[in-house]
$ cat start.txt   # compact mmCIF, C-alpha atoms and all ligand atoms
# COMPACT_ATOMS: atom_id res chain seq x y z
CA MET A 11 101.32 151.45 103.69
CA ASN A 12 97.81 152.23 102.54
CA ASN A 13 96.79 152.21 98.90
CA ARG A 14 97.15 155.95 98.53
CA GLN A 15 100.75 155.80 99.77
CA LEU A 16 101.48 152.82 97.52
CA PHE A 17 99.93 154.71 94.59
CA LEU A 18 102.28 157.63 95.15
CA LYS A 19 105.29 155.38 95.72
CA HIS A 20 104.91 152.73 93.04
CA LEU A 21 102.74 154.03 90.23
CA GLY A 22 104.15 156.22 87.49
CA GLN A 23 102.64 159.64 88.02
CA THR A 24 101.44 162.07 85.38
CA SER A 25 101.57 165.20 87.52
CA GLU A 26 102.76 166.32 90.93
CA PHE A 27 99.20 166.86 92.09
CA PRO A 28 97.02 163.87 91.16
CA LEU A 29 93.44 163.91 92.41
CA ALA A 30 94.20 160.54 94.05
CA LEU A 31 90.56 159.68 94.65
CA GLU A 32 90.35 156.09 95.84
CA ILE A 33 87.49 154.55 93.89
CA GLN A 34 86.18 151.17 95.03
CA ARG A 35 83.23 150.68 92.72
CA ALA A 36 81.24 152.47 90.06
CA GLU A 37 77.75 152.02 88.71
CA GLY A 38 75.79 154.10 86.21
CA LEU A 39 76.43 157.79 86.82
CA TYR A 40 78.19 157.31 90.13
CA MET A 41 81.57 156.31 91.48
CA TYR A 42 82.09 155.41 95.14
CA ASP A 43 85.21 155.94 97.21
CA LYS A 44 86.56 153.74 99.98
CA ASP A 45 84.21 155.34 102.51
CA ASP A 46 81.31 154.75 100.10
CA LYS A 47 80.98 158.45 99.36
CA ALA A 48 79.25 158.84 95.98
CA TYR A 49 80.62 161.04 93.20
CA LEU A 50 78.49 162.05 90.24
CA ASP A 51 80.74 161.45 87.26
CA LEU A 52 80.37 164.51 85.05
CA ILE A 53 83.30 163.58 82.80
CA SER A 54 82.78 159.85 82.12
CA GLY A 55 86.43 159.00 82.82
CA ILE A 56 87.15 161.54 80.10
CA GLY A 57 84.68 160.49 77.48
CA VAL A 58 84.88 156.76 78.16
CA SER A 59 81.85 155.70 80.19
CA SER A 60 79.40 157.26 77.76
CA ILE A 61 76.69 154.72 78.56
CA GLY A 62 77.46 154.89 82.28
CA HIS A 63 79.70 152.71 84.40
CA ARG A 64 79.13 148.96 84.22
CA HIS A 65 76.17 149.06 81.90
CA PRO A 66 74.39 145.70 82.45
CA LYS A 67 74.50 144.84 78.73
CA VAL A 68 78.24 145.47 78.64
CA ILE A 69 78.81 143.37 81.74
CA GLU A 70 76.69 140.58 80.25
CA ALA A 71 78.67 140.66 76.99
CA ILE A 72 81.98 140.61 78.87
CA LYS A 73 80.89 137.65 81.00
CA ALA A 74 79.64 135.74 77.96
CA GLN A 75 82.94 136.32 76.15
CA ILE A 76 85.22 135.32 79.04
CA ASP A 77 83.36 132.03 79.20
CA LYS A 78 84.30 131.42 75.54
CA HIS A 79 87.85 132.64 75.10
CA LEU A 80 90.26 135.45 75.92
CA HIS A 81 93.12 136.38 73.60
CA VAL A 82 93.85 133.69 71.02
CA MET A 83 96.09 135.19 68.34
CA VAL A 84 97.61 138.50 67.22
CA TYR A 85 95.17 140.80 65.46
CA GLY A 86 94.41 139.96 61.83
CA GLU A 87 95.03 136.21 61.65
CA PHE A 88 91.99 134.49 63.15
CA VAL A 89 88.30 135.05 62.51
CA THR A 90 86.78 135.82 65.90
CA ALA A 91 83.11 136.65 66.31
CA PRO A 92 83.45 139.70 68.60
CA GLN A 93 85.78 141.45 66.15
CA VAL A 94 83.82 140.78 62.99
CA GLN A 95 80.45 141.49 64.60
CA LEU A 96 81.82 144.75 65.97
CA ALA A 97 83.32 145.82 62.64
CA HIS A 98 80.02 144.98 60.93
CA ALA A 99 77.99 146.97 63.48
CA ILE A 100 80.31 149.98 63.23
CA THR A 101 80.37 150.05 59.44
CA LYS A 102 76.56 149.98 59.42
CA THR A 103 76.65 153.38 61.16
CA LEU A 104 78.99 154.80 58.50
CA PRO A 105 78.93 155.91 54.87
CA GLU A 106 79.91 153.33 52.25
CA ASN A 107 83.54 154.40 51.88
CA LEU A 108 84.23 153.72 55.56
CA ASP A 109 83.74 149.99 55.37
CA ASN A 110 86.97 148.65 56.83
CA VAL A 111 87.93 148.71 60.49
CA PHE A 112 91.41 148.15 61.92
CA LEU A 113 91.04 147.46 65.63
CA VAL A 114 93.70 148.63 68.08
CA ASN A 115 93.94 149.14 71.84
CA SER A 116 93.73 152.89 72.34
CA GLY A 117 93.25 156.29 70.80
CA SER A 118 96.96 156.93 70.40
CA GLU A 119 97.36 153.69 68.49
CA ALA A 120 94.48 154.60 66.21
CA THR A 121 96.30 157.85 65.45
CA GLU A 122 99.56 156.02 64.79
CA GLY A 123 97.82 153.58 62.45
CA ALA A 124 96.16 156.41 60.54
CA LEU A 125 99.42 158.34 60.10
CA LYS A 126 101.15 155.25 58.75
CA LEU A 127 98.24 154.36 56.50
CA ALA A 128 98.11 157.86 55.03
CA LYS A 129 101.85 157.89 54.34
CA ARG A 130 101.80 154.42 52.88
CA HIS A 131 98.76 155.11 50.69
CA THR A 132 99.81 158.51 49.34
CA GLN A 133 103.56 157.87 49.41
CA ARG A 134 103.92 161.38 50.77
CA SER A 135 105.29 162.49 54.13
CA LYS A 136 103.83 165.90 54.96
CA ILE A 137 101.21 165.88 57.68
CA ILE A 138 99.04 168.85 58.58
CA SER A 139 97.49 169.11 62.02
CA PHE A 140 96.05 171.91 64.11
CA GLU A 141 97.00 174.30 66.87
CA ASN A 142 95.86 172.97 70.24
CA ALA A 143 95.15 169.55 68.76
CA TYR A 144 95.54 166.41 70.84
CA HIS A 145 95.74 162.98 69.23
CA GLY A 146 97.57 160.94 71.86
CA SER A 147 100.80 160.63 73.77
CA THR A 148 102.92 158.19 71.76
CA SER A 149 105.75 159.74 69.74
CA GLY A 150 103.90 159.86 66.42
CA ALA A 151 100.71 161.18 67.97
CA LEU A 152 102.67 163.69 70.03
CA SER A 153 104.40 164.91 66.86
CA ILE A 154 101.09 166.18 65.55
CA ALA A 155 99.92 167.67 68.85
CA GLY A 156 99.29 171.39 68.66
CA ASP A 157 101.18 172.52 71.75
CA GLU A 158 104.91 173.14 71.70
CA LYS A 159 105.30 173.03 75.49
CA LEU A 160 104.11 169.43 75.51
CA LYS A 161 106.38 168.47 72.61
CA ALA A 162 109.65 170.34 73.13
CA PRO A 163 111.33 168.01 75.67
CA PHE A 164 110.65 165.00 73.48
CA ARG A 165 112.11 166.29 70.24
CA PRO A 166 113.21 165.17 67.74
CA LEU A 167 109.73 163.95 66.86
CA LEU A 168 108.35 163.11 63.40
CA PRO A 169 109.55 165.43 60.63
CA ASP A 170 107.38 167.26 58.08
CA ILE A 171 104.58 168.13 60.49
CA HIS A 172 102.84 171.46 59.91
CA GLN A 173 100.38 173.11 62.25
CA ILE A 174 97.58 175.34 61.01
CA ARG A 175 94.83 177.20 62.86
CA PHE A 176 91.59 175.33 63.56
CA GLY A 177 88.64 176.85 61.74
CA GLU A 178 90.79 179.36 59.80
CA SER A 179 90.02 179.00 56.08
CA ASN A 180 93.05 181.04 54.98
CA ASP A 181 95.38 178.38 56.36
CA LEU A 182 93.91 175.65 54.16
CA SER A 183 96.20 176.85 51.35
CA GLN A 184 99.00 174.99 53.14
CA ILE A 185 97.41 171.70 52.12
CA ASP A 186 99.16 170.77 48.88
CA LYS A 187 100.18 167.88 46.65
CA ASP A 188 102.94 166.88 49.08
CA THR A 189 100.44 166.41 51.89
CA ALA A 190 99.78 162.83 52.96
CA ALA A 191 97.11 163.68 55.51
CA VAL A 192 95.29 166.42 57.28
CA ILE A 193 94.33 165.21 60.72
CA ILE A 194 91.64 167.09 62.59
CA GLU A 195 89.47 166.53 65.65
CA THR A 196 85.93 167.04 64.38
CA VAL A 197 85.34 168.85 67.66
CA GLN A 198 88.58 169.83 69.38
CA GLY A 199 88.55 168.31 72.85
CA GLU A 200 91.64 169.26 74.82
CA ALA A 201 91.59 172.74 73.29
CA GLY A 202 88.49 173.21 75.45
CA VAL A 203 85.64 172.19 73.09
CA ARG A 204 86.25 174.24 69.92
CA TYR A 205 84.19 173.78 66.81
CA ALA A 206 84.21 175.11 63.29
CA ASP A 207 81.34 175.79 60.89
CA VAL A 208 79.98 173.75 58.01
CA ASP A 209 81.57 176.01 55.37
CA TYR A 210 84.99 175.46 56.91
CA PHE A 211 84.66 171.69 56.90
CA GLU A 212 83.37 171.74 53.33
CA SER A 213 86.39 173.79 52.23
CA LEU A 214 88.71 171.46 54.12
CA ARG A 215 87.15 168.40 52.46
CA ALA A 216 87.37 170.04 49.02
CA LYS A 217 91.02 171.01 49.50
CA CYS A 218 91.94 167.46 50.55
CA THR A 219 90.12 165.98 47.57
CA GLU A 220 91.76 168.47 45.19
CA THR A 221 95.29 167.73 46.43
CA GLY A 222 94.90 164.01 47.11
CA ALA A 223 95.64 164.46 50.83
CA LEU A 224 93.71 162.05 53.02
CA LEU A 225 91.33 163.69 55.48
CA VAL A 226 91.66 161.99 58.87
CA MET A 227 89.00 162.88 61.41
CA ASP A 228 89.78 162.11 65.03
CA GLU A 229 86.56 161.23 66.83
CA ILE A 230 88.27 159.51 69.72
CA GLN A 231 86.67 161.96 72.13
CA CYS A 232 83.71 163.31 70.14
CA GLY A 233 82.54 160.11 68.40
CA PHE A 234 80.21 157.36 69.54
CA GLY A 235 77.25 159.60 70.24
CA ARG A 236 78.84 162.24 72.47
CA THR A 237 77.80 165.18 70.25
CA GLY A 238 74.25 164.01 69.56
CA LYS A 239 75.07 162.17 66.32
CA PHE A 240 76.73 158.78 66.22
CA TRP A 241 79.67 160.48 64.49
CA ALA A 242 80.41 164.17 64.92
CA PHE A 243 81.24 164.57 61.20
CA GLU A 244 77.54 163.97 60.51
CA HIS A 245 76.93 167.54 61.77
CA TYR A 246 78.95 168.84 58.83
CA GLY A 247 77.75 166.74 55.89
CA ILE A 248 81.27 165.74 54.90
CA ILE A 249 82.98 162.34 54.99
CA PRO A 250 86.57 161.66 56.05
CA ASP A 251 88.94 159.23 54.32
CA ILE A 252 90.06 157.84 57.66
CA LEU A 253 88.11 157.99 60.91
CA LEU A 254 89.51 157.42 64.40
CA CYS A 255 87.63 156.24 67.46
CA ALA A 256 88.40 154.86 70.94
CA LYS A 257 87.42 155.98 74.46
CA GLY A 258 83.57 155.72 74.57
CA MET A 259 83.73 152.94 71.99
CA GLY A 260 84.59 150.28 74.58
CA GLY A 261 81.89 150.91 77.17
CA GLY A 262 84.69 151.00 79.76
CA MET A 263 87.05 148.53 78.11
CA PRO A 264 90.22 149.47 76.17
CA ILE A 265 89.75 149.49 72.40
CA GLY A 266 90.25 151.85 69.48
CA ALA A 267 90.07 151.77 65.72
CA PHE A 268 91.11 153.49 62.54
CA ILE A 269 88.53 153.08 59.84
CA SER A 270 88.82 153.62 56.10
CA SER A 271 87.85 152.07 52.78
CA LYS A 272 88.83 148.52 52.01
CA SER A 273 90.99 149.71 49.12
CA ILE A 274 92.98 152.23 51.18
CA MET A 275 93.34 149.84 54.11
CA HIS A 276 94.60 147.15 51.74
CA ASP A 277 97.90 149.03 51.50
CA LEU A 278 98.86 147.82 54.96
CA THR A 279 98.89 144.21 53.73
CA HIS A 280 101.67 144.51 51.13
CA ASP A 281 104.96 146.33 50.51
CA PRO A 282 105.64 145.58 53.26
CA ILE A 283 103.47 142.70 54.32
CA LEU A 284 102.33 143.24 57.94
CA GLY A 285 102.52 147.01 57.52
CA HIS A 286 100.74 147.50 60.82
CA ILE A 287 100.40 144.82 63.46
CA THR A 288 99.26 144.60 67.05
CA THR A 289 99.08 141.72 69.49
CA PHE A 290 96.11 142.77 71.55
CA GLY A 291 94.26 145.11 69.15
CA GLY A 292 90.55 144.26 69.17
CA HIS A 293 90.89 142.01 72.22
CA PRO A 294 87.85 139.68 72.22
CA VAL A 295 86.56 140.92 75.58
CA SER A 296 86.96 144.57 74.58
CA ALA A 297 85.38 143.90 71.19
CA ALA A 298 82.40 142.16 72.83
CA ALA A 299 82.00 145.10 75.22
CA SER A 300 82.22 147.54 72.32
CA LEU A 301 79.59 145.67 70.31
CA ALA A 302 77.28 145.79 73.33
CA THR A 303 77.99 149.53 73.58
CA VAL A 304 76.91 150.11 69.98
CA GLN A 305 73.75 148.12 70.64
CA VAL A 306 72.96 150.03 73.84
CA LEU A 307 73.42 153.38 72.10
CA GLN A 308 71.05 152.27 69.36
CA GLU A 309 68.45 150.30 71.33
CA GLU A 310 68.15 152.81 74.18
CA LYS A 311 68.11 155.68 71.67
CA LEU A 312 70.59 157.53 73.88
CA ILE A 313 72.03 159.68 71.12
CA GLU A 314 68.58 161.10 70.41
CA THR A 315 68.44 162.45 73.99
CA VAL A 316 71.70 164.38 73.79
CA ALA A 317 70.46 167.66 72.26
CA VAL A 318 67.69 168.07 74.86
CA LYS A 319 70.13 167.36 77.69
CA GLU A 320 72.60 169.83 76.23
CA GLN A 321 69.89 172.50 76.13
CA LEU A 322 68.98 171.82 79.75
CA PHE A 323 72.60 172.30 80.82
CA LEU A 324 72.84 175.50 78.78
CA SER A 325 69.60 176.91 80.22
CA LEU A 326 70.78 176.30 83.78
CA LEU A 327 74.42 177.36 83.55
CA ASN A 328 73.89 181.08 83.97
CA HIS A 329 76.08 183.01 86.35
CA SER A 330 77.96 186.29 86.14
CA LYS A 331 81.23 184.43 86.82
CA ILE A 332 80.73 182.11 83.83
CA LYS A 333 82.43 183.75 80.86
CA GLU A 334 81.21 181.34 78.22
CA VAL A 335 79.78 177.86 77.77
CA ARG A 336 80.91 176.03 74.65
CA SER A 337 79.16 172.81 73.73
CA VAL A 338 78.51 170.30 71.02
CA GLY A 339 76.03 167.87 72.50
CA LEU A 340 77.27 166.58 75.84
CA MET A 341 80.83 167.70 75.19
CA MET A 342 80.93 170.98 77.09
CA ALA A 343 83.35 173.59 78.43
CA ILE A 344 82.45 176.21 81.03
CA GLU A 345 84.92 179.05 80.90
CA PHE A 346 85.95 181.06 83.97
CA GLU A 347 88.33 183.98 84.44
CA SER A 348 91.38 181.91 85.40
CA PHE A 349 92.86 178.53 86.24
CA GLU A 350 93.15 179.53 89.92
CA TYR A 351 89.49 180.42 90.14
CA LEU A 352 88.39 177.22 88.38
CA ASP A 353 90.73 175.18 90.58
CA GLN A 354 88.79 176.27 93.67
CA ILE A 355 85.46 175.43 92.04
CA ILE A 356 86.61 171.98 90.94
CA HIS A 357 87.85 171.15 94.44
CA LYS A 358 84.68 172.51 96.04
CA LEU A 359 82.62 170.31 93.70
CA LEU A 360 84.71 167.30 94.62
CA GLU A 361 83.88 167.89 98.29
CA GLU A 362 80.23 168.00 97.21
CA GLY A 363 80.56 164.68 95.37
CA ILE A 364 80.73 166.00 91.80
CA LEU A 365 83.65 165.11 89.54
CA THR A 366 84.61 167.64 86.85
CA ASP A 367 87.96 168.41 85.22
CA TRP A 368 90.14 170.80 83.20
CA PHE A 369 91.33 170.49 79.61
CA LEU A 370 94.92 169.87 78.61
CA PHE A 371 95.23 173.09 76.59
CA CYS A 372 92.56 175.21 78.22
CA ASP A 373 93.05 175.52 81.95
CA ASN A 374 90.39 178.15 82.66
CA SER A 375 87.54 175.94 81.43
CA MET A 376 85.68 173.18 83.21
CA ARG A 377 85.13 169.92 81.33
CA ILE A 378 81.59 168.55 81.38
CA ALA A 379 81.11 165.27 79.49
CA PRO A 380 78.69 163.15 81.51
CA PRO A 381 77.45 159.72 80.56
CA LEU A 382 74.72 160.17 77.94
CA THR A 383 72.46 158.30 80.36
CA ILE A 384 72.35 161.30 82.72
CA THR A 385 68.76 162.23 83.66
CA SER A 386 67.14 165.69 83.80
CA GLU A 387 67.08 165.48 87.59
CA GLU A 388 70.79 164.74 87.71
CA ILE A 389 71.53 167.58 85.30
CA LYS A 390 69.54 169.99 87.49
CA MET A 391 71.28 168.74 90.63
CA ALA A 392 74.73 169.01 89.01
CA CYS A 393 74.11 172.52 87.69
CA ASN A 394 72.80 173.65 91.09
CA LYS A 395 75.94 172.34 92.73
CA ILE A 396 78.12 174.07 90.14
CA LEU A 397 76.32 177.39 90.71
CA GLN A 398 76.54 176.98 94.49
CA ALA A 399 80.25 176.20 94.25
CA ILE A 400 80.77 179.34 92.18
CA ASP A 401 79.01 181.38 94.88
CA GLN A 402 81.12 179.83 97.62
CA VAL A 403 84.56 180.54 96.18
CA ASN A 404 86.18 183.95 95.77
N1 LIG B 501 92.58 161.85 70.31
C1 LIG B 501 91.77 162.58 71.08
C2 LIG B 501 90.88 163.59 70.44
C3 LIG B 501 91.73 162.37 72.45
O1 LIG B 501 90.91 163.11 73.21
C4 LIG B 501 92.58 161.39 73.02
C5 LIG B 501 92.59 161.13 74.51
N2 LIG B 501 92.34 162.22 75.31
C6 LIG B 501 93.42 160.66 72.19
C7 LIG B 501 93.40 160.91 70.84
C8 LIG B 501 94.36 159.62 72.74
O2 LIG B 501 93.66 158.51 73.19
P1 LIG B 501 94.34 157.48 74.23
O3 LIG B 501 94.51 158.20 75.52
O4 LIG B 501 93.35 156.34 74.30
O5 LIG B 501 95.63 157.04 73.63

$ encode --input "start.txt" --output "structure tokens"
Amino acid sequence: MNNRQLFLKHLGQTSEFPLALEIQRAEGLYMYDKDDKAYLDLISGIGVSSIGHRHPKVIEAIKAQIDKHLHVMVYGEFVTAPQVQLAHAITKTLPENLDNVFLVNSGSEATEGALKLAKRHTQRSKIISFENAYHGSTSGALSIAGDEKLKAPFRPLLPDIHQIRFGESNDLSQIDKDTAAVIIETVQGEAGVRYADVDYFESLRAKCTETGALLVMDEIQCGFGRTGKFWAFEHYGIIPDILLCAKGMGGGMPIGAFISSKSIMHDLTHDPILGHITTFGGHPVSAAASLATVQVLQEEKLIETVAVKEQLFLSLLNHSKIKEVRSVGLMMAIEFESFEYLDQIIHKLLEEGILTDWFLFCDNSMRIAPPLTITSEEIKMACNKILQAIDQVN
């Protein structure tokens, strides 16, 4: 059996129609299949390879770390340089109240940690999340997802979860003194890149402060420079009580974090002791890769290039078949008339060596989230191919 057949036979599948591209290597903006055909990665492995595949600084940091040690002890017991240096570097990018980082392995785990922390800290149970929100696939994270179709077969999920409309100020009245946390994606990803205005976020912040509910901002997809600021909440001039990150954070390695103040985070250490634990969270190799990623973003001034690149995409993506382009930095959605129409375009682009994607809750929009290292020439080439593909399908 070849690898494709073994993939279909032995690997747990997530749909009945996987892309099943056989990737052999990846470098920078490109991935290469088994015949060495190059694919321009316009989605960064869904927001992961934000500084490109195998960035040399990340590879160097990984190699240096594996020569020292791999895993040595469950998270939280030993002082290991990659973890503390990473936490220090991350907190330097953040306001003072976000000075304490709990490292985990993934976005879903960051969500789980935040939900537990908010309940433990406030001693309340009600959680408010948003329609079309996505925070991960574990049971707790799924409980706060904003799509009933995804949740229904897995019920019962967590109780006391309430969904409100994203960007709708009238719904903020549902945040009350029973609310432990309001969890919101600063820019909604799987909803198809949806954003709200500054006034809305200010009202949300004020309502949380007034009621004592913790404001949790999920920047697992939109953080780490993707929107043109290190953190997307910087666009809105407000500060969350708990911040979530993962995906692009690891430079291609698995890592996530929930971040809060030292005093809030302290509640996970007592009553009960070991209130949240993880064996592999903040794995030394992932932490070293993540620290290198922070340094690359800063030293190469990549985040500063995002707005110009976004504008270039926007100026080129004009076509009568494009209904709308929504974007915050290099997190973009191109909307077409239907899933079926977009399906043809995505497959045409794949033939042309361009990888794009859909969104979980928005199947008529094309996901564009390239590595921030993409050049003007590559943007022009990609947009040309997208426009040509549109012209070639019916
Ligand atoms: N939150 C958001 C906003 C996400 O986009 C994702 C992943 N798509 C997650 C949480 C879950 O992250 P992971 O897949 O690493 O568990």

$ closest_atom_pairs --input "start.txt" --of "chain A" --to "ligand LIG 501 (chain B)" --cutoff "7 Å" --atoms "all atoms listed in the file" --output "tab-separated table"
residue	atom	partner	partner_atom	distance
A:Ser116	CA	B:LIG501	O4	4.0
A:Gly117	CA	B:LIG501	O2	3.3
A:Ser118	CA	B:LIG501	O5	3.5
A:Glu119	CA	B:LIG501	O5	6.4
A:Thr121	CA	B:LIG501	C7	6.8
A:Tyr144	CA	B:LIG501	C1	5.4
A:His145	CA	B:LIG501	C7	3.5
A:Gly146	CA	B:LIG501	C8	3.6
A:Ser147	CA	B:LIG501	O5	6.3
A:Glu195	CA	B:LIG501	C2	5.8
A:Gln198	CA	B:LIG501	C2	6.7
A:Gly199	CA	B:LIG501	O1	5.7
A:Glu200	CA	B:LIG501	O1	6.4
A:Asp228	CA	B:LIG501	C2	5.7
A:Glu229	CA	B:LIG501	C2	6.1
A:Ile230	CA	B:LIG501	C1	4.9
A:Gln231	CA	B:LIG501	O1	4.5
A:Ala256	CA	B:LIG501	O4	6.2
A:Lys257	CA	B:LIG501	O4	5.9

$ residues_around --input "start.txt" --residues "segment 276-278 of chain A" --least-positions-apart "4" --cutoff "7 Å" --atoms "only C-alpha atoms" --output "JSON, numbers by chain"
{"A": [127, 130, 131, 272, 283, 284, 285, 286]}

$ closest_residue --input "start.txt" --among "A:Cys393, A:Ile248, A:Leu370, A:Leu50" --to "Ala36 of chain A" --atoms "all atoms listed in the file"
A:Leu50

$ atom_distance --input "start.txt" --atom1 "atom CA of Lys390 of chain A" --atom2 "atom CA of Leu29 of chain A"
25.1 Å

$ closest_residue --input "start.txt" --among "A:Pro105, A:Gly261, A:Lys129, A:Gly233" --to "Ile249 of chain A" --atoms "all atoms listed in the file"
A:Pro105

$ residues_around --input "start.txt" --residues "segment 339-349 of chain A" --least-positions-apart "4" --cutoff "7 Å" --atoms "only C-alpha atoms" --output "JSON list (two decimals) with C-alpha atoms, in the frame of the given file"
[["chain", "number", "residue", "atom", "x", "y", "z"],
["A", 202, "GLY", "CA", 88.49, 173.21, 75.45],
["A", 203, "VAL", "CA", 85.64, 172.19, 73.09],
["A", 236, "ARG", "CA", 78.84, 162.24, 72.47],
["A", 237, "THR", "CA", 77.80, 165.18, 70.25],
["A", 238, "GLY", "CA", 74.25, 164.01, 69.56],
["A", 316, "VAL", "CA", 71.70, 164.38, 73.79],
["A", 317, "ALA", "CA", 70.46, 167.66, 72.26],
["A", 320, "GLU", "CA", 72.60, 169.83, 76.23],
["A", 331, "LYS", "CA", 81.23, 184.43, 86.82],
["A", 332, "ILE", "CA", 80.73, 182.11, 83.83],
["A", 333, "LYS", "CA", 82.43, 183.75, 80.86],
["A", 334, "GLU", "CA", 81.21, 181.34, 78.22],
["A", 335, "VAL", "CA", 79.78, 177.86, 77.77],
["A", 353, "ASP", "CA", 90.73, 175.18, 90.58],
["A", 373, "ASP", "CA", 93.05, 175.52, 81.95],
["A", 374, "ASN", "CA", 90.39, 178.15, 82.66],
["A", 375, "SER", "CA", 87.54, 175.94, 81.43],
["A", 376, "MET", "CA", 85.68, 173.18, 83.21],
["A", 377, "ARG", "CA", 85.13, 169.92, 81.33],
["A", 378, "ILE", "CA", 81.59, 168.55, 81.38],
["A", 379, "ALA", "CA", 81.11, 165.27, 79.49],
["A", 380, "PRO", "CA", 78.69, 163.15, 81.51]]

$ residues_around --input "start.txt" --residues "Ser139 of chain A" --least-positions-apart "6" --cutoff "7 Å" --atoms "all atoms listed in the file" --output "list in words"
Ile154, His172, Gln173, Ile174, Val192, Ile193 and Ile194 of chain A

$ write_last_selection --input "start.txt" --atoms "C-alpha atoms" --output "PDB file, in the frame of the given file"
ATOM      1  CA  ILE A 154     101.090 166.180  65.550  1.00  0.00           C
ATOM      2  CA  HIS A 172     102.840 171.460  59.910  1.00  0.00           C
ATOM      3  CA  GLN A 173     100.380 173.110  62.250  1.00  0.00           C
ATOM      4  CA  ILE A 174      97.580 175.340  61.010  1.00  0.00           C
ATOM      5  CA  VAL A 192      95.290 166.420  57.280  1.00  0.00           C
ATOM      6  CA  ILE A 193      94.330 165.210  60.720  1.00  0.00           C
ATOM      7  CA  ILE A 194      91.640 167.090  62.590  1.00  0.00           C
TER       8      ILE A 194
END

$ atom_distance --input "start.txt" --atom1 "atom CA of Ala48 of chain A" --atom2 "atom CA of Arg35 of chain A"
9.6 Å

$ residues_near_point --input "start.txt" --point "(96.9, 176.5, 74.7)" --cutoff "8 Å" --atoms "all atoms listed in the file" --output "compact mmCIF listing (two decimals) with C-alpha atoms, in the frame of the given file"
# COMPACT_ATOMS: atom_id res chain seq x y z
CA ASN A 142 95.86 172.97 70.24
CA ASP A 157 101.18 172.52 71.75
CA ALA A 201 91.59 172.74 73.29
CA LEU A 370 94.92 169.87 78.61
CA PHE A 371 95.23 173.09 76.59
CA CYS A 372 92.56 175.21 78.22

$ closest_residue --input "start.txt" --among "A:Asp281, A:Glu244, A:Glu37, A:Asp46" --to "His65 of chain A" --atoms "all atoms listed in the file"
A:Glu37

$ atom_distance --input "start.txt" --atom1 "atom CA of Lys159 of chain A" --atom2 "atom CA of Gly22 of chain A"
20.7 Å

$ closest_residue --input "start.txt" --among "A:Lys126, A:His20, A:Arg14, A:Arg64" --to "Ile287 of chain A" --atoms "only C-alpha atoms"
A:Lys126

$ residues_near_point --input "start.txt" --point "(86.1, 150.8, 99.1)" --cutoff "10 Å" --atoms "only C-alpha atoms" --output "mmCIF file with C-alpha atoms, in the frame of the given file"
data_model
loop_
_atom_site.group_PDB
_atom_site.id
_atom_site.type_symbol
_atom_site.label_atom_id
_atom_site.label_comp_id
_atom_site.auth_asym_id
_atom_site.auth_seq_id
_atom_site.Cartn_x
_atom_site.Cartn_y
_atom_site.Cartn_z
ATOM 1 C CA GLU A 32 90.350 156.090 95.840
ATOM 2 C CA ILE A 33 87.490 154.550 93.890
ATOM 3 C CA GLN A 34 86.180 151.170 95.030
ATOM 4 C CA ARG A 35 83.230 150.680 92.720
ATOM 5 C CA TYR A 42 82.090 155.410 95.140
ATOM 6 C CA ASP A 43 85.210 155.940 97.210
ATOM 7 C CA LYS A 44 86.560 153.740 99.980
ATOM 8 C CA ASP A 45 84.210 155.340 102.510
ATOM 9 C CA ASP A 46 81.310 154.750 100.100
ATOM 10 C CA LYS A 47 80.980 158.450 99.360
#

$ closest_residue --input "start.txt" --among "A:Gly260, A:Gly86, A:Gly292, A:Gly156" --to "Phe176 of chain A" --atoms "all atoms listed in the file"
A:Gly156

$ closest_residue --input "start.txt" --among "A:Ala30, A:Ala297, A:Leu152, A:Ile384" --to "Ile100 of chain A" --atoms "all atoms listed in the file"
A:Ala297
